[in-house]
>>> print(open('query39.cif').read())   # mmCIF, C-alpha atoms, pLDDT in the B column; chains and numbers go by the auth columns
data_input
#
loop_
_atom_site.group_PDB
_atom_site.id
_atom_site.type_symbol
_atom_site.label_atom_id
_atom_site.label_comp_id
_atom_site.label_asym_id
_atom_site.label_seq_id
_atom_site.Cartn_x
_atom_site.Cartn_y
_atom_site.Cartn_z
_atom_site.B_iso_or_equiv
_atom_site.auth_seq_id
_atom_site.auth_asym_id
ATOM 1 C CA MET A 1 75.283 39.066 -158.497 54.00 1 N
ATOM 2 C CA SER A 2 77.288 41.875 -157.466 51.00 2 N
ATOM 3 C CA ASN A 3 78.265 44.614 -156.539 55.00 3 N
ATOM 4 C CA SER A 4 79.341 47.031 -153.950 47.00 4 N
ATOM 5 C CA THR A 5 77.741 48.418 -150.863 42.00 5 N
ATOM 6 C CA SER A 6 80.291 51.227 -151.063 40.00 6 N
ATOM 7 C CA PRO A 7 82.057 53.015 -153.922 38.00 7 N
ATOM 8 C CA ASN A 8 85.158 51.530 -155.464 45.00 8 N
ATOM 9 C CA THR A 9 88.343 52.527 -153.695 48.00 9 N
ATOM 10 C CA SER A 10 90.186 55.648 -154.884 67.00 10 N
ATOM 11 C CA THR A 11 93.496 53.906 -154.198 82.00 11 N
ATOM 12 C CA ALA A 12 94.780 51.927 -157.179 94.00 12 N
ATOM 13 C CA ILE A 13 94.962 48.222 -156.356 96.00 13 N
ATOM 14 C CA GLU A 14 98.510 46.834 -156.402 97.00 14 N
ATOM 15 C CA LEU A 15 97.900 43.396 -154.843 98.00 15 N
ATOM 16 C CA VAL A 16 95.070 40.855 -154.967 98.00 16 N
ATOM 17 C CA VAL A 17 95.071 38.170 -152.271 98.00 17 N
ATOM 18 C CA LEU A 18 92.991 35.232 -153.504 97.00 18 N
ATOM 19 C CA ASP A 19 91.697 32.261 -151.552 94.00 19 N
ATOM 20 C CA MET A 20 91.983 28.827 -153.167 93.00 20 N
ATOM 21 C CA ALA A 21 89.346 26.178 -152.265 89.00 21 N
ATOM 22 C CA GLY A 22 85.885 27.549 -153.032 90.00 22 N
ATOM 23 C CA THR A 23 87.242 30.697 -154.696 95.00 23 N
ATOM 24 C CA THR A 24 89.701 29.740 -157.423 95.00 24 N
ATOM 25 C CA VAL A 25 89.475 25.948 -156.969 94.00 25 N
ATOM 26 C CA THR A 26 86.422 23.663 -156.707 90.00 26 N
ATOM 27 C CA ASP A 27 86.651 20.476 -154.652 82.00 27 N
ATOM 28 C CA ASP A 28 83.102 19.078 -154.778 73.00 28 N
ATOM 29 C CA GLY A 29 82.578 18.724 -151.027 79.00 29 N
ATOM 30 C CA LEU A 30 85.977 17.181 -150.428 81.00 30 N
ATOM 31 C CA VAL A 31 86.609 19.296 -147.305 78.00 31 N
ATOM 32 C CA LEU A 32 83.595 17.855 -145.473 80.00 32 N
ATOM 33 C CA GLU A 33 84.366 14.346 -146.714 84.00 33 N
ATOM 34 C CA SER A 34 87.916 14.686 -145.390 85.00 34 N
ATOM 35 C CA PHE A 35 86.661 16.131 -142.116 84.00 35 N
ATOM 36 C CA ASP A 36 84.479 13.057 -141.619 84.00 36 N
ATOM 37 C CA ALA A 37 87.591 10.901 -142.009 85.00 37 N
ATOM 38 C CA ALA A 38 89.398 13.085 -139.471 84.00 38 N
ATOM 39 C CA ALA A 39 86.540 12.955 -136.961 85.00 39 N
ATOM 40 C CA THR A 40 86.340 9.178 -137.244 85.00 40 N
ATOM 41 C CA ALA A 41 90.105 8.899 -136.754 85.00 41 N
ATOM 42 C CA VAL A 42 89.885 10.620 -133.357 82.00 42 N
ATOM 43 C CA GLY A 43 86.881 8.620 -132.185 83.00 43 N
ATOM 44 C CA LEU A 44 83.948 10.923 -132.842 80.00 44 N
ATOM 45 C CA ALA A 45 80.710 8.939 -133.217 82.00 45 N
ATOM 46 C CA ASP A 46 79.658 8.469 -136.846 81.00 46 N
ATOM 47 C CA ARG A 47 76.176 9.774 -136.097 83.00 47 N
ATOM 48 C CA GLY A 48 74.507 11.916 -133.488 86.00 48 N
ATOM 49 C CA PRO A 49 74.525 15.447 -132.095 87.00 49 N
ATOM 50 C CA GLU A 50 78.286 15.581 -131.495 83.00 50 N
ATOM 51 C CA ARG A 51 79.084 14.736 -135.141 82.00 51 N
ATOM 52 C CA ASP A 52 76.363 17.119 -136.386 85.00 52 N
ATOM 53 C CA ASP A 53 77.674 19.959 -134.229 86.00 53 N
ATOM 54 C CA ALA A 54 81.228 19.324 -135.399 85.00 54 N
ATOM 55 C CA ARG A 55 80.204 19.347 -139.077 82.00 55 N
ATOM 56 C CA ARG A 56 78.311 22.603 -138.515 83.00 56 N
ATOM 57 C CA TYR A 57 81.402 24.134 -136.905 85.00 57 N
ATOM 58 C CA VAL A 58 83.526 23.060 -139.873 81.00 58 N
ATOM 59 C CA LEU A 59 81.079 24.753 -142.262 80.00 59 N
ATOM 60 C CA ASP A 60 80.981 27.902 -140.156 80.00 60 N
ATOM 61 C CA THR A 61 84.784 28.095 -140.011 81.00 61 N
ATOM 62 C CA MET A 62 85.488 27.312 -143.662 77.00 62 N
ATOM 63 C CA GLY A 63 88.564 29.222 -144.782 72.00 63 N
ATOM 64 C CA GLN A 64 90.278 29.087 -141.409 77.00 64 N
ATOM 65 C CA SER A 65 93.463 27.169 -140.640 80.00 65 N
ATOM 66 C CA LYS A 66 92.464 23.516 -140.418 80.00 66 N
ATOM 67 C CA ILE A 67 94.733 22.719 -137.471 84.00 67 N
ATOM 68 C CA GLU A 68 93.157 25.603 -135.520 84.00 68 N
ATOM 69 C CA VAL A 69 89.686 24.253 -136.319 84.00 69 N
ATOM 70 C CA PHE A 70 90.698 20.833 -135.020 87.00 70 N
ATOM 71 C CA ARG A 71 92.222 22.348 -131.871 88.00 71 N
ATOM 72 C CA ALA A 72 88.905 24.057 -131.154 87.00 72 N
ATOM 73 C CA LEU A 73 86.917 20.888 -131.833 85.00 73 N
ATOM 74 C CA PHE A 74 88.988 18.154 -130.242 86.00 74 N
ATOM 75 C CA GLY A 75 90.492 19.740 -127.155 81.00 75 N
ATOM 76 C CA THR A 76 93.977 18.254 -126.863 88.00 76 N
ATOM 77 C CA GLU A 77 96.935 18.906 -129.117 92.00 77 N
ATOM 78 C CA ASP A 78 97.436 15.170 -129.731 90.00 78 N
ATOM 79 C CA ARG A 79 93.849 14.732 -130.940 88.00 79 N
ATOM 80 C CA ALA A 80 94.046 17.889 -133.055 89.00 80 N
ATOM 81 C CA GLN A 81 97.261 16.740 -134.716 89.00 81 N
ATOM 82 C CA ALA A 82 95.839 13.257 -135.321 90.00 82 N
ATOM 83 C CA ALA A 83 92.698 14.762 -136.861 87.00 83 N
ATOM 84 C CA ASN A 84 94.752 17.109 -139.013 86.00 84 N
ATOM 85 C CA HIS A 85 96.906 14.241 -140.270 88.00 85 N
ATOM 86 C CA ALA A 86 93.825 12.158 -141.131 89.00 86 N
ATOM 87 C CA PHE A 87 92.193 15.142 -142.820 85.00 87 N
ATOM 88 C CA GLU A 88 95.219 15.898 -144.991 86.00 88 N
ATOM 89 C CA SER A 89 95.677 12.233 -145.905 87.00 89 N
ATOM 90 C CA ALA A 90 92.037 11.948 -146.991 86.00 90 N
ATOM 91 C CA TYR A 91 92.135 15.237 -148.902 84.00 91 N
ATOM 92 C CA ASP A 92 95.454 14.498 -150.582 82.00 92 N
ATOM 93 C CA ALA A 93 94.218 11.063 -151.698 84.00 93 N
ATOM 94 C CA ARG A 94 91.400 12.707 -153.644 83.00 94 N
ATOM 95 C CA ILE A 95 93.172 15.758 -155.050 85.00 95 N
ATOM 96 C CA ASP A 96 93.940 14.204 -158.416 82.00 96 N
ATOM 97 C CA ASP A 97 90.297 13.469 -159.248 80.00 97 N
ATOM 98 C CA GLY A 98 88.479 15.729 -156.785 83.00 98 N
ATOM 99 C CA ILE A 99 89.594 19.257 -157.616 89.00 99 N
ATOM 100 C CA ALA A 100 89.357 21.549 -160.637 91.00 100 N
ATOM 101 C CA PRO A 101 89.831 25.241 -161.371 95.00 101 N
ATOM 102 C CA VAL A 102 86.823 27.494 -161.001 95.00 102 N
ATOM 103 C CA PRO A 103 85.922 28.335 -164.626 96.00 103 N
ATOM 104 C CA GLY A 104 87.636 31.562 -165.627 97.00 104 N
ATOM 105 C CA ALA A 105 89.837 31.744 -162.521 97.00 105 N
ATOM 106 C CA ALA A 106 93.150 31.234 -164.323 97.00 106 N
ATOM 107 C CA GLN A 107 92.182 33.744 -166.993 97.00 107 N
ATOM 108 C CA ALA A 108 91.239 36.328 -164.359 97.00 108 N
ATOM 109 C CA ILE A 109 94.554 35.874 -162.545 98.00 109 N
ATOM 110 C CA THR A 110 96.456 36.184 -165.816 98.00 110 N
ATOM 111 C CA LYS A 111 94.591 39.366 -166.736 97.00 111 N
ATOM 112 C CA LEU A 112 95.358 40.939 -163.363 98.00 112 N
ATOM 113 C CA ARG A 113 99.043 40.113 -163.583 97.00 113 N
ATOM 114 C CA GLU A 114 99.263 41.354 -167.171 97.00 114 N
ATOM 115 C CA SER A 115 97.856 44.647 -165.879 96.00 115 N
ATOM 116 C CA GLY A 116 100.718 44.923 -163.377 96.00 116 N
ATOM 117 C CA ILE A 117 98.878 43.698 -160.272 97.00 117 N
ATOM 118 C CA THR A 118 100.571 41.201 -157.955 98.00 118 N
ATOM 119 C CA VAL A 119 98.468 38.094 -157.232 98.00 119 N
ATOM 120 C CA VAL A 120 99.053 35.866 -154.194 98.00 120 N
ATOM 121 C CA LEU A 121 97.047 32.674 -153.554 97.00 121 N
ATOM 122 C CA THR A 122 96.359 31.806 -149.914 95.00 122 N
ATOM 123 C CA THR A 123 94.775 28.860 -148.125 91.00 123 N
ATOM 124 C CA GLY A 124 93.659 27.435 -144.801 86.00 124 N
ATOM 125 C CA PHE A 125 95.368 24.155 -145.684 85.00 125 N
ATOM 126 C CA SER A 126 98.939 23.318 -144.729 85.00 126 N
ATOM 127 C CA ALA A 127 101.722 24.262 -147.122 89.00 127 N
ATOM 128 C CA PRO A 128 102.240 20.624 -148.308 88.00 128 N
ATOM 129 C CA THR A 129 98.535 20.243 -149.172 87.00 129 N
ATOM 130 C CA GLN A 130 98.551 23.612 -150.900 91.00 130 N
ATOM 131 C CA LYS A 131 101.548 22.503 -152.969 92.00 131 N
ATOM 132 C CA ARG A 132 99.776 19.273 -153.957 89.00 132 N
ATOM 133 C CA ILE A 133 96.819 21.306 -155.230 91.00 133 N
ATOM 134 C CA ILE A 134 99.084 23.681 -157.137 94.00 134 N
ATOM 135 C CA ASP A 135 101.054 20.847 -158.717 93.00 135 N
ATOM 136 C CA THR A 136 97.893 18.963 -159.689 91.00 136 N
ATOM 137 C CA LEU A 137 96.449 22.029 -161.409 94.00 137 N
ATOM 138 C CA GLY A 138 99.767 22.970 -162.993 95.00 138 N
ATOM 139 C CA TRP A 139 99.514 26.427 -161.448 97.00 139 N
ATOM 140 C CA GLN A 140 103.131 26.760 -160.302 96.00 140 N
ATOM 141 C CA ASP A 141 103.667 29.875 -162.443 96.00 141 N
ATOM 142 C CA LEU A 142 100.118 31.258 -162.497 97.00 142 N
ATOM 143 C CA PRO A 143 100.265 33.714 -159.523 97.00 143 N
ATOM 144 C CA ASP A 144 103.232 35.595 -158.129 97.00 144 N
ATOM 145 C CA ALA A 145 103.291 33.606 -154.885 97.00 145 N
ATOM 146 C CA PHE A 146 101.485 31.153 -152.601 95.00 146 N
ATOM 147 C CA LEU A 147 101.092 31.473 -148.836 96.00 147 N
ATOM 148 C CA ALA A 148 99.804 29.064 -146.174 93.00 148 N
ATOM 149 C CA PRO A 149 99.388 29.315 -142.379 89.00 149 N
ATOM 150 C CA GLY A 150 102.555 28.583 -140.455 83.00 150 N
ATOM 151 C CA ASP A 151 104.852 29.814 -143.196 81.00 151 N
ATOM 152 C CA ALA A 152 103.043 33.170 -143.154 81.00 152 N
ATOM 153 C CA GLY A 153 101.871 33.490 -139.552 85.00 153 N
ATOM 154 C CA ARG A 154 98.434 32.561 -138.251 88.00 154 N
ATOM 155 C CA GLY A 155 95.592 31.453 -140.478 85.00 155 N
ATOM 156 C CA ARG A 156 92.338 33.291 -141.082 87.00 156 N
ATOM 157 C CA PRO A 157 90.446 35.142 -139.695 90.00 157 N
ATOM 158 C CA HIS A 158 93.686 36.685 -138.405 91.00 158 N
ATOM 159 C CA PRO A 159 95.185 39.264 -140.798 96.00 159 N
ATOM 160 C CA ASP A 160 98.580 37.542 -141.076 95.00 160 N
ATOM 161 C CA LEU A 161 98.229 35.980 -144.547 95.00 161 N
ATOM 162 C CA VAL A 162 97.083 39.269 -146.053 96.00 162 N
ATOM 163 C CA LEU A 163 99.783 41.271 -144.273 97.00 163 N
ATOM 164 C CA SER A 164 102.453 38.746 -145.296 96.00 164 N
ATOM 165 C CA ALA A 165 101.309 39.043 -148.906 97.00 165 N
ATOM 166 C CA ALA A 166 101.406 42.850 -148.656 97.00 166 N
ATOM 167 C CA LEU A 167 104.979 42.730 -147.347 96.00 167 N
ATOM 168 C CA LEU A 168 105.954 40.286 -150.080 95.00 168 N
ATOM 169 C CA ALA A 169 104.452 42.516 -152.762 96.00 169 N
ATOM 170 C CA GLU A 170 105.940 45.655 -151.201 97.00 170 N
ATOM 171 C CA VAL A 171 102.692 47.569 -151.622 97.00 171 N
ATOM 172 C CA SER A 172 102.771 51.325 -151.127 96.00 172 N
ATOM 173 C CA ASP A 173 99.701 51.314 -148.872 96.00 173 N
ATOM 174 C CA ILE A 174 97.575 48.574 -147.296 97.00 174 N
ATOM 175 C CA ALA A 175 94.602 50.288 -148.968 96.00 175 N
ATOM 176 C CA ALA A 176 96.110 49.125 -152.273 97.00 176 N
ATOM 177 C CA VAL A 177 95.187 45.524 -151.378 98.00 177 N
ATOM 178 C CA ALA A 178 92.105 43.575 -152.467 98.00 178 N
ATOM 179 C CA VAL A 179 91.134 40.348 -150.669 98.00 179 N
ATOM 180 C CA VAL A 180 88.897 37.798 -152.387 98.00 180 N
ATOM 181 C CA GLY A 181 87.287 34.684 -150.915 95.00 181 N
ATOM 182 C CA ASP A 182 84.178 32.551 -150.497 93.00 182 N
ATOM 183 C CA THR A 183 83.985 32.627 -146.688 91.00 183 N
ATOM 184 C CA SER A 184 83.349 35.142 -143.943 92.00 184 N
ATOM 185 C CA SER A 185 86.826 34.322 -142.594 91.00 185 N
ATOM 186 C CA ASP A 186 88.411 35.474 -145.864 94.00 186 N
ATOM 187 C CA ILE A 187 86.542 38.763 -145.671 96.00 187 N
ATOM 188 C CA LEU A 188 87.245 39.261 -141.975 95.00 188 N
ATOM 189 C CA SER A 189 90.977 38.643 -142.413 95.00 189 N
ATOM 190 C CA GLY A 190 91.093 41.262 -145.164 96.00 190 N
ATOM 191 C CA ARG A 191 89.123 43.733 -143.083 96.00 191 N
ATOM 192 C CA ARG A 192 91.418 43.245 -140.092 96.00 192 N
ATOM 193 C CA ALA A 193 94.468 43.759 -142.304 96.00 193 N
ATOM 194 C CA GLY A 194 93.086 47.037 -143.659 96.00 194 N
ATOM 195 C CA ALA A 195 92.464 46.022 -147.290 97.00 195 N
ATOM 196 C CA SER A 196 90.138 48.427 -149.094 95.00 196 N
ATOM 197 C CA LEU A 197 88.433 45.909 -151.391 97.00 197 N
ATOM 198 C CA LEU A 198 86.810 42.900 -149.702 97.00 198 N
ATOM 199 C CA VAL A 199 85.291 40.736 -152.408 98.00 199 N
ATOM 200 C CA GLY A 200 83.103 37.726 -151.677 97.00 200 N
ATOM 201 C CA VAL A 201 82.359 35.073 -154.292 96.00 201 N
ATOM 202 C CA LEU A 202 79.440 32.645 -154.380 95.00 202 N
ATOM 203 C CA THR A 203 81.251 29.548 -155.668 92.00 203 N
ATOM 204 C CA GLY A 204 82.081 28.189 -152.225 87.00 204 N
ATOM 205 C CA ALA A 205 80.986 27.837 -148.628 82.00 205 N
ATOM 206 C CA HIS A 206 79.115 30.948 -147.548 87.00 206 N
ATOM 207 C CA SER A 207 76.063 32.875 -148.731 90.00 207 N
ATOM 208 C CA GLU A 208 75.884 36.477 -149.854 95.00 208 N
ATOM 209 C CA ASP A 209 74.330 37.407 -146.497 94.00 209 N
ATOM 210 C CA ARG A 210 77.216 35.819 -144.571 92.00 210 N
ATOM 211 C CA LEU A 211 79.764 37.569 -146.770 95.00 211 N
ATOM 212 C CA ARG A 212 78.025 40.943 -146.418 96.00 212 N
ATOM 213 C CA GLU A 213 77.769 40.530 -142.646 95.00 213 N
ATOM 214 C CA ALA A 214 81.542 39.944 -142.524 92.00 214 N
ATOM 215 C CA GLY A 215 82.108 43.238 -144.352 95.00 215 N
ATOM 216 C CA ALA A 216 82.309 42.387 -148.059 96.00 216 N
ATOM 217 C CA THR A 217 82.371 45.519 -150.211 96.00 217 N
ATOM 218 C CA HIS A 218 81.417 43.437 -153.257 97.00 218 N
ATOM 219 C CA VAL A 219 79.836 40.020 -153.821 96.00 219 N
ATOM 220 C CA LEU A 220 80.342 38.338 -157.197 97.00 220 N
ATOM 221 C CA ASP A 221 78.995 35.169 -158.734 96.00 221 N
ATOM 222 C CA SER A 222 82.569 34.064 -159.481 96.00 222 N
ATOM 223 C CA VAL A 223 86.185 35.139 -159.366 97.00 223 N
ATOM 224 C CA ALA A 224 85.964 35.206 -163.168 97.00 224 N
ATOM 225 C CA ASP A 225 84.053 38.489 -162.714 97.00 225 N
ATOM 226 C CA LEU A 226 86.828 40.071 -160.633 97.00 226 N
ATOM 227 C CA PRO A 227 89.015 42.012 -163.119 97.00 227 N
ATOM 228 C CA PRO A 228 86.505 44.837 -163.819 95.00 228 N
ATOM 229 C CA ILE A 229 86.167 45.423 -160.071 94.00 229 N
ATOM 230 C CA VAL A 230 89.916 45.703 -159.544 95.00 230 N
ATOM 231 C CA LEU A 231 91.249 47.262 -162.720 91.00 231 N
ATOM 232 C CA PRO A 232 90.899 51.022 -163.327 75.00 232 N
#
>>> encode(input="query39.cif", output="structure tokens")
Amino acid sequence: MSNSTSPNTSTAIELVVLDMAGTTVTDDGLVLESFDAAATAVGLADRGPERDDARRYVLDTMGQSKIEVFRALFGTEDRAQAANHAFESAYDARIDDGIAPVPGAAQAITKLRESGITVVLTTGFSAPTQKRIIDTLGWQDLPDAFLAPGDAGRGRPHPDLVLSAALLAEVSDIAAVAVVGDTSSDILSGRRAGASLLVGVLTGAHSEDRLREAGATHVLDSVADLPPIVLP
């Protein structure tokens, strides 16, 4: 699959901001499984229209800050926090046997960094859950940095994670940033930040049509195919 709906940027890319779950990491449906645990914890019926609507909303908002998703779904801050706690507990309990790298992801990140490009991994999970994933994969030294909502402003689709990464990397121009993810929220956050390359991948939540509608300049089968798009 591929490629661009517009020519490659004339600005050399200095920073690649990469999503984790669905983009560089596979989790075999663990997000929805953990959401079901969260919904049950705050009293949502196991079956019926309310549960179906909530699951659909979770799919539509994949990539966004999980606490913000729960605030939208469950109304009060207490319920949102309880749902978030149940979600993270369920997800964390399965990290050891439920996640794996997307094939070729680590190699792609290494190639980018060896070419002098800064790589920052971002997530919609909390910082502690992100750290658990990183530690489980042994990726502590793979990218230049990791960012999560809260520590780096608001989650997606706000531009904060991308802008925080750009400040961290001290890029010369926001056009020197590429944003890569499997959801429309990833693409939208990059577009709002002003990144020139908005790359969707098909290993996660959203279809090529959804990614294109959000503004993707490229759609790839996998992040493993990313280096030729970014490197001169």
>>> resolve_selection(input="query39.cif", expression="the PyMOL selection byres ((chain N and resi 191) around 12)", output="PDB file with C-alpha atoms, in the frame of the given file")
ATOM      1  CA  ARG N 156      92.338  33.291-141.082  1.00 87.00           C
ATOM      2  CA  PRO N 157      90.446  35.142-139.695  1.00 90.00           C
ATOM      3  CA  HIS N 158      93.686  36.685-138.405  1.00 91.00           C
ATOM      4  CA  PRO N 159      95.185  39.264-140.798  1.00 96.00           C
ATOM      5  CA  ASP N 160      98.580  37.542-141.076  1.00 95.00           C
ATOM      6  CA  VAL N 162      97.083  39.269-146.053  1.00 96.00           C
ATOM      7  CA  LEU N 163      99.783  41.271-144.273  1.00 97.00           C
ATOM      8  CA  ILE N 174      97.575  48.574-147.296  1.00 97.00           C
ATOM      9  CA  ALA N 175      94.602  50.288-148.968  1.00 96.00           C
ATOM     10  CA  VAL N 177      95.187  45.524-151.378  1.00 98.00           C
ATOM     11  CA  ALA N 178      92.105  43.575-152.467  1.00 98.00           C
ATOM     12  CA  VAL N 179      91.134  40.348-150.669  1.00 98.00           C
ATOM     13  CA  VAL N 180      88.897  37.798-152.387  1.00 98.00           C
ATOM     14  CA  SER N 184      83.349  35.142-143.943  1.00 92.00           C
ATOM     15  CA  SER N 185      86.826  34.322-142.594  1.00 91.00           C
ATOM     16  CA  ASP N 186      88.411  35.474-145.864  1.00 94.00           C
ATOM     17  CA  ILE N 187      86.542  38.763-145.671  1.00 96.00           C
ATOM     18  CA  LEU N 188      87.245  39.261-141.975  1.00 95.00           C
ATOM     19  CA  SER N 189      90.977  38.643-142.413  1.00 95.00           C
ATOM     20  CA  GLY N 190      91.093  41.262-145.164  1.00 96.00           C
ATOM     21  CA  ARG N 192      91.418  43.245-140.092  1.00 96.00           C
ATOM     22  CA  ALA N 193      94.468  43.759-142.304  1.00 96.00           C
ATOM     23  CA  GLY N 194      93.086  47.037-143.659  1.00 96.00           C
ATOM     24  CA  ALA N 195      92.464  46.022-147.290  1.00 97.00           C
ATOM     25  CA  SER N 196      90.138  48.427-149.094  1.00 95.00           C
ATOM     26  CA  LEU N 197      88.433  45.909-151.391  1.00 97.00           C
ATOM     27  CA  LEU N 198      86.810  42.900-149.702  1.00 97.00           C
ATOM     28  CA  VAL N 199      85.291  40.736-152.408  1.00 98.00           C
ATOM     29  CA  LEU N 211      79.764  37.569-146.770  1.00 95.00           C
ATOM     30  CA  ARG N 212      78.025  40.943-146.418  1.00 96.00           C
ATOM     31  CA  GLU N 213      77.769  40.530-142.646  1.00 95.00           C
ATOM     32  CA  ALA N 214      81.542  39.944-142.524  1.00 92.00           C
ATOM     33  CA  GLY N 215      82.108  43.238-144.352  1.00 95.00           C
ATOM     34  CA  ALA N 216      82.309  42.387-148.059  1.00 96.00           C
ATOM     35  CA  THR N 217      82.371  45.519-150.211  1.00 96.00           C
TER      36      THR N 217
END
>>> residues_around(input="query39.cif", residues="Ile117 of chain N", least_positions_apart="6", cutoff="9 Å", atoms="all atoms listed in the file", output="ChimeraX atom specification")
/N:13-16,111,231
>>> residues_around(input="query39.cif", residues="segment 140-155 of chain N", least_positions_apart="4", cutoff="7 Å", atoms="all atoms listed in the file", output="PyMOL selection string")
chain N and resi 64-65+109-110+118-127+134-135+160-161+164
>>> write_last_selection(input="query39.cif", atoms="C-alpha atoms", output="compact mmCIF listing (two decimals), keeping the file's coordinate frame")
# COMPACT_ATOMS: atom_id res chain seq x y z
CA GLN N 64 90.28 29.09 -141.41
CA SER N 65 93.46 27.17 -140.64
CA ILE N 109 94.55 35.87 -162.54
CA THR N 110 96.46 36.18 -165.82
CA THR N 118 100.57 41.20 -157.96
CA VAL N 119 98.47 38.09 -157.23
CA VAL N 120 99.05 35.87 -154.19
CA LEU N 121 97.05 32.67 -153.55
CA THR N 122 96.36 31.81 -149.91
CA THR N 123 94.78 28.86 -148.12
CA GLY N 124 93.66 27.44 -144.80
CA PHE N 125 95.37 24.16 -145.68
CA SER N 126 98.94 23.32 -144.73
CA ALA N 127 101.72 24.26 -147.12
CA ILE N 134 99.08 23.68 -157.14
CA ASP N 135 101.05 20.85 -158.72
CA ASP N 160 98.58 37.54 -141.08
CA LEU N 161 98.23 35.98 -144.55
CA SER N 164 102.45 38.75 -145.30
>>> closest_residue(input="query39.cif", among="N:Pro49, N:Pro101, N:Gly29, N:Gly63", to="Thr136 of chain N", atoms="all atoms listed in the file")
N:Pro101
>>> closest_residue(input="query39.cif", among="N:Gly43, N:Pro103, N:Gly98, N:Gly48", to="Ala83 of chain N", atoms="all atoms listed in the file")
N:Gly43
>>> build_atoms(input="query39.cif", residues="segment 97-102 of chain N", atoms="all heavy atoms", output="short mmCIF file (atom, residue, chain, number, x, y, z; two decimals), in the frame of the given file")
data_model
loop_
_atom_site.label_atom_id
_atom_site.label_comp_id
_atom_site.auth_asym_id
_atom_site.auth_seq_id
_atom_site.Cartn_x
_atom_site.Cartn_y
_atom_site.Cartn_z
N ASP N 97 91.58 13.56 -158.55
CA ASP N 97 90.30 13.47 -159.25
C ASP N 97 89.20 14.29 -158.60
O ASP N 97 88.05 14.31 -159.07
CB ASP N 97 89.84 12.01 -159.34
CG ASP N 97 89.58 11.38 -157.96
OD1 ASP N 97 89.79 12.06 -156.95
OD2 ASP N 97 89.15 10.22 -157.93
N GLY N 98 89.51 15.03 -157.54
CA GLY N 98 88.48 15.73 -156.78
C GLY N 98 88.51 17.24 -156.88
O GLY N 98 87.62 17.91 -156.35
N ILE N 99 89.52 17.80 -157.53
CA ILE N 99 89.59 19.26 -157.62
C ILE N 99 89.68 19.71 -159.07
O ILE N 99 90.07 18.94 -159.96
CB ILE N 99 90.79 19.82 -156.84
CG1 ILE N 99 92.11 19.38 -157.48
CG2 ILE N 99 90.75 19.43 -155.38
CD1 ILE N 99 93.30 20.18 -157.01
N ALA N 100 89.29 20.95 -159.30
CA ALA N 100 89.36 21.55 -160.64
C ALA N 100 89.39 23.06 -160.46
O ALA N 100 88.95 23.58 -159.43
CB ALA N 100 88.14 21.13 -161.47
N PRO N 101 89.88 23.78 -161.46
CA PRO N 101 89.83 25.24 -161.37
C PRO N 101 88.39 25.74 -161.47
O PRO N 101 87.58 25.16 -162.19
CB PRO N 101 90.64 25.70 -162.59
CG PRO N 101 91.35 24.50 -163.11
CD PRO N 101 90.54 23.32 -162.70
N VAL N 102 88.07 26.78 -160.75
CA VAL N 102 86.82 27.49 -161.00
C VAL N 102 86.89 28.05 -162.43
O VAL N 102 87.91 28.64 -162.80
CB VAL N 102 86.63 28.64 -159.98
CG1 VAL N 102 85.52 29.58 -160.42
CG2 VAL N 102 86.34 28.08 -158.60
#
